[in-house]
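Undergrad: Can you keep this structure in mind? I'll have questions shortly.
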Amino acid sequence: MSRFFLYINGQKSVEVEYAGDEVNNVYVDGKLHDFKDELNPNKLDYANVVKRKKYADFLNNQFENMVILSGAGSSVGIGQNIPNGDVEIERKGKIMSQLWDEVEKKLTSDIMNRFCVLVTYQDFEDDEKLNYKKNLEKLLSLANIAKDFVTDAVNEKDGIKKIDIENTILTIECIIKENCTLKLPDDAPHLLFIEKITKRKVTLPRAKIFTLNYDTLFEQAGRKKNFTIIDGFSFSHPRTFSGRNFELDIVSRNSSRVKEEDNFVQKVFHLYKPHGSVDWTKEDNEIIQRENVENPLMIFPKDSKYESSYEQPYFEMMSRFQQNLRNENVLLICIGFSFNDKHLVTAIIEALEQNPSFQLMVVNRSIDQKSDTFKPFFEASKKHNNIALVSELFSDFANNYPDLKSYNQEDTKKIILNLNSRQDE
């Protein structure tokens, strides 16, 4: 039998025990739940209901500052098919191993294998060394080191084309960019999620979303729901980046003048993209946001991404992340984040150790109990009430996130007058 946590928050927990593929036992707060009075209970459903009630109770606390950090888990499987001639291509968010598959499909398996040998990528899934581990970040890191001094030694007279490492890197980056250019579907969880997290007193600081994804799903969701997004770019065109733009906010001037106080409008959130975006580009020393960018500003997965994070505009995003975690009464919700980005993990650890009012919730498909990077958080969550770990997909989390009706931001109902109707009808 194997046991897995669905929720941990100090002494509060939900755990399931499997016998084969079926849940055999459910433990709530460490105690075995007795199903003896229930006929044919669905034990997994029960565990999920209890889990969702527990994290809803956690989220119903009043947090002055709300910060979201989203990784690949908030985009994976989300997107719409795109037309390509007479057919449609599936275009949905992918995790890193799926991007490896896309690269291999484009380059062919033969060239991919030769490329791995050329840059001395030697991570294998098995002792027979038949299948490579799909670690695109490490592959690109090795390729960037090798590109300046390694040359493919094959003889083109034998009909085998030489591999140009630098051109192959550019091809891989192009494939990543292409697969991260996503269109928001009508049922995307981003739509519901931003509505819920922004239902706050307008006198409180705005909700802040930091997304490590290159796609524009949060931007599309915000526009679709008529939100104003403060993302560091000017409101004039062309949209030009400046860190000072994060200091802006939206107020209703007429109301403010009557009451002699700020009257902040609803439906506003901040958006930060520490790894760049498919719609950012650099022109004449200025960072511009626009659609259909040929050479986007993106920190591609490789070791040097930590060095790149200290360049603009990435440095501005990173410093804002650290600054926000130092605020009073702050909740950080990590969604689909692998905890492999050491500069971000370091900032989270600092907040846990130095900020007594800091609260952390981690939402992932499953709770990682083994990896070296996450194990300290797993162990700490069993001892401290300010850390909550949740096993949940982003779509289910958005659906079950508590809806604070007291801060409803729905648009005022439109009044429709039928001026074409006859008076005697």
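Ordering of the structure tokens sets the chain letters (A, B, ...), residue numbers begin anew at 1 in every chain, and ligands are numbered from 1 in the order given.
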Write out as a short mmCIF file (atom, residue, chain, number, x, y, z; two decimals) with N, CA, C and O atoms, in the first residue's frame the residues lying within 9 Å of Val103 in chain A, counting only C-alpha atoms and excluding same-chain residues fewer than 3 positions away.
TA:
data_model
loop_
_atom_site.label_atom_id
_atom_site.label_comp_id
_atom_site.auth_asym_id
_atom_site.auth_seq_id
_atom_site.Cartn_x
_atom_site.Cartn_y
_atom_site.Cartn_z
N GLN A 98 7.41 17.70 -22.60
CA GLN A 98 6.61 17.73 -23.84
C GLN A 98 7.26 18.64 -24.88
O GLN A 98 7.17 18.38 -26.08
N LEU A 99 7.91 19.71 -24.42
CA LEU A 99 8.64 20.57 -25.36
C LEU A 99 9.83 19.82 -25.97
O LEU A 99 10.16 20.01 -27.13
N TRP A 100 10.46 18.95 -25.18
CA TRP A 100 11.53 18.09 -25.71
C TRP A 100 10.98 17.26 -26.88
O TRP A 100 11.60 17.14 -27.93
N LYS A 106 10.58 17.98 -34.58
CA LYS A 106 11.00 18.95 -35.61
C LYS A 106 12.40 18.62 -36.16
O LYS A 106 12.63 18.68 -37.37
N LEU A 107 13.32 18.25 -35.27
CA LEU A 107 14.70 18.00 -35.70
C LEU A 107 14.89 16.61 -36.30
O LEU A 107 15.83 16.40 -37.06
N THR A 108 14.04 15.69 -35.92
CA THR A 108 14.12 14.23 -36.15
C THR A 108 14.94 13.59 -35.03
O THR A 108 15.86 14.23 -34.47
N MET A 112 18.52 14.79 -33.21
CA MET A 112 18.45 15.06 -31.77
C MET A 112 19.49 14.23 -31.03
O MET A 112 20.19 14.74 -30.14
N THR A 171 16.95 27.18 -33.45
CA THR A 171 15.79 26.40 -33.88
C THR A 171 14.99 25.93 -32.67
O THR A 171 13.75 26.01 -32.66
N ILE A 172 15.68 25.44 -31.64
CA ILE A 172 14.99 24.97 -30.43
C ILE A 172 14.26 26.12 -29.75
O ILE A 172 13.11 25.98 -29.32
N ILE A 175 11.12 26.86 -31.57
CA ILE A 175 10.08 25.86 -31.29
C ILE A 175 9.42 26.15 -29.94
O ILE A 175 8.19 26.04 -29.79
N ILE A 176 10.23 26.54 -28.95
CA ILE A 176 9.69 26.88 -27.63
C ILE A 176 8.74 28.07 -27.74
O ILE A 176 7.63 28.07 -27.22
#
Undergrad: Using only C-alpha atoms, which residues sit within 8 Å of range 360-373 of chain A once same-chain residues fewer than 3 positions away are excluded, as JSON, numbers by chain?
TA: {"A": [4, 5, 6, 73, 331, 332, 333, 334, 335, 336, 337, 339, 340, 376, 378, 386, 387, 388, 389, 390, 391, 392, 393, 394, 397]}
Undergrad: Just the number, please: distance in Å from CA of Met66 in chain A to CA of Tyr7 in chain A, one decimal.
TA: 20.7 Å
Undergrad: Could you pull out the strand (DSSP E) residues of range 160-305 of chain A, going by DSSP on the backbone, and write them as a PyMOL selection string?
TA: chain A and resi 208-211+228-230+239-240+268-272+280-283+286-289
Undergrad: Would you list, as a PyMOL selection string, the residues of range 81-182 of chain A that end up in helix (DSSP H, G or I) under DSSP run on this structure's backbone?
TA: chain A and resi 96-107+109-118+136-146+156-158+165-179
Undergrad: What does the file look like for those residues with C-alpha atoms, as a compact mmCIF listing (two decimals), in the first residue's frame?
TA:
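Here's the written file out_20.txt:
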# COMPACT_ATOMS: atom_id res chain seq x y z
CA MET A 96 9.37 20.83 -20.37
CA SER A 97 9.37 17.13 -21.27
CA GLN A 98 6.61 17.73 -23.84
CA LEU A 99 8.64 20.57 -25.36
CA TRP A 100 11.53 18.09 -25.71
CA ASP A 101 9.15 15.87 -27.74
CA GLU A 102 8.24 18.82 -29.98
CA VAL A 103 11.91 19.59 -30.56
CA GLU A 104 12.66 15.96 -31.39
CA LYS A 105 9.72 15.85 -33.79
CA LYS A 106 11.00 18.95 -35.61
CA LEU A 107 14.70 18.00 -35.70
CA SER A 109 15.31 11.63 -33.63
CA ASP A 110 18.56 11.05 -35.49
CA ILE A 111 19.66 14.71 -35.38
CA MET A 112 18.45 15.06 -31.77
CA ASN A 113 20.58 12.09 -30.71
CA ARG A 114 23.61 13.39 -32.63
CA PHE A 115 23.11 16.84 -31.10
CA CYS A 116 23.05 15.32 -27.57
CA VAL A 117 26.30 13.45 -28.29
CA LEU A 118 27.91 16.57 -29.79
CA LEU A 136 15.66 20.57 -22.20
CA GLU A 137 17.13 23.10 -19.77
CA LYS A 138 20.29 21.06 -19.21
CA LEU A 139 20.59 20.28 -22.92
CA LEU A 140 20.48 23.97 -23.84
CA SER A 141 22.92 24.82 -21.05
CA LEU A 142 25.47 22.34 -22.42
CA ALA A 143 24.82 23.50 -25.98
CA ASN A 144 25.49 27.13 -25.07
CA ILE A 145 28.81 26.12 -23.52
CA ALA A 146 29.77 23.97 -26.51
CA GLU A 156 29.46 15.57 -45.39
CA LYS A 157 30.79 13.55 -48.34
CA ASP A 158 29.11 10.55 -46.71
CA ILE A 165 25.20 23.98 -32.67
CA GLU A 166 24.33 27.69 -32.65
CA ASN A 167 21.72 27.33 -35.40
CA THR A 168 20.24 24.31 -33.63
CA ILE A 169 19.92 26.33 -30.41
CA LEU A 170 18.07 29.04 -32.34
CA THR A 171 15.79 26.40 -33.88
CA ILE A 172 14.99 24.97 -30.43
CA GLU A 173 14.26 28.44 -29.05
CA CYS A 174 11.96 29.11 -32.01
CA ILE A 175 10.08 25.86 -31.29
CA ILE A 176 9.69 26.88 -27.63
CA LYS A 177 8.37 30.32 -28.63
CA GLU A 178 5.96 28.79 -31.14
CA ASN A 179 4.57 26.33 -28.60
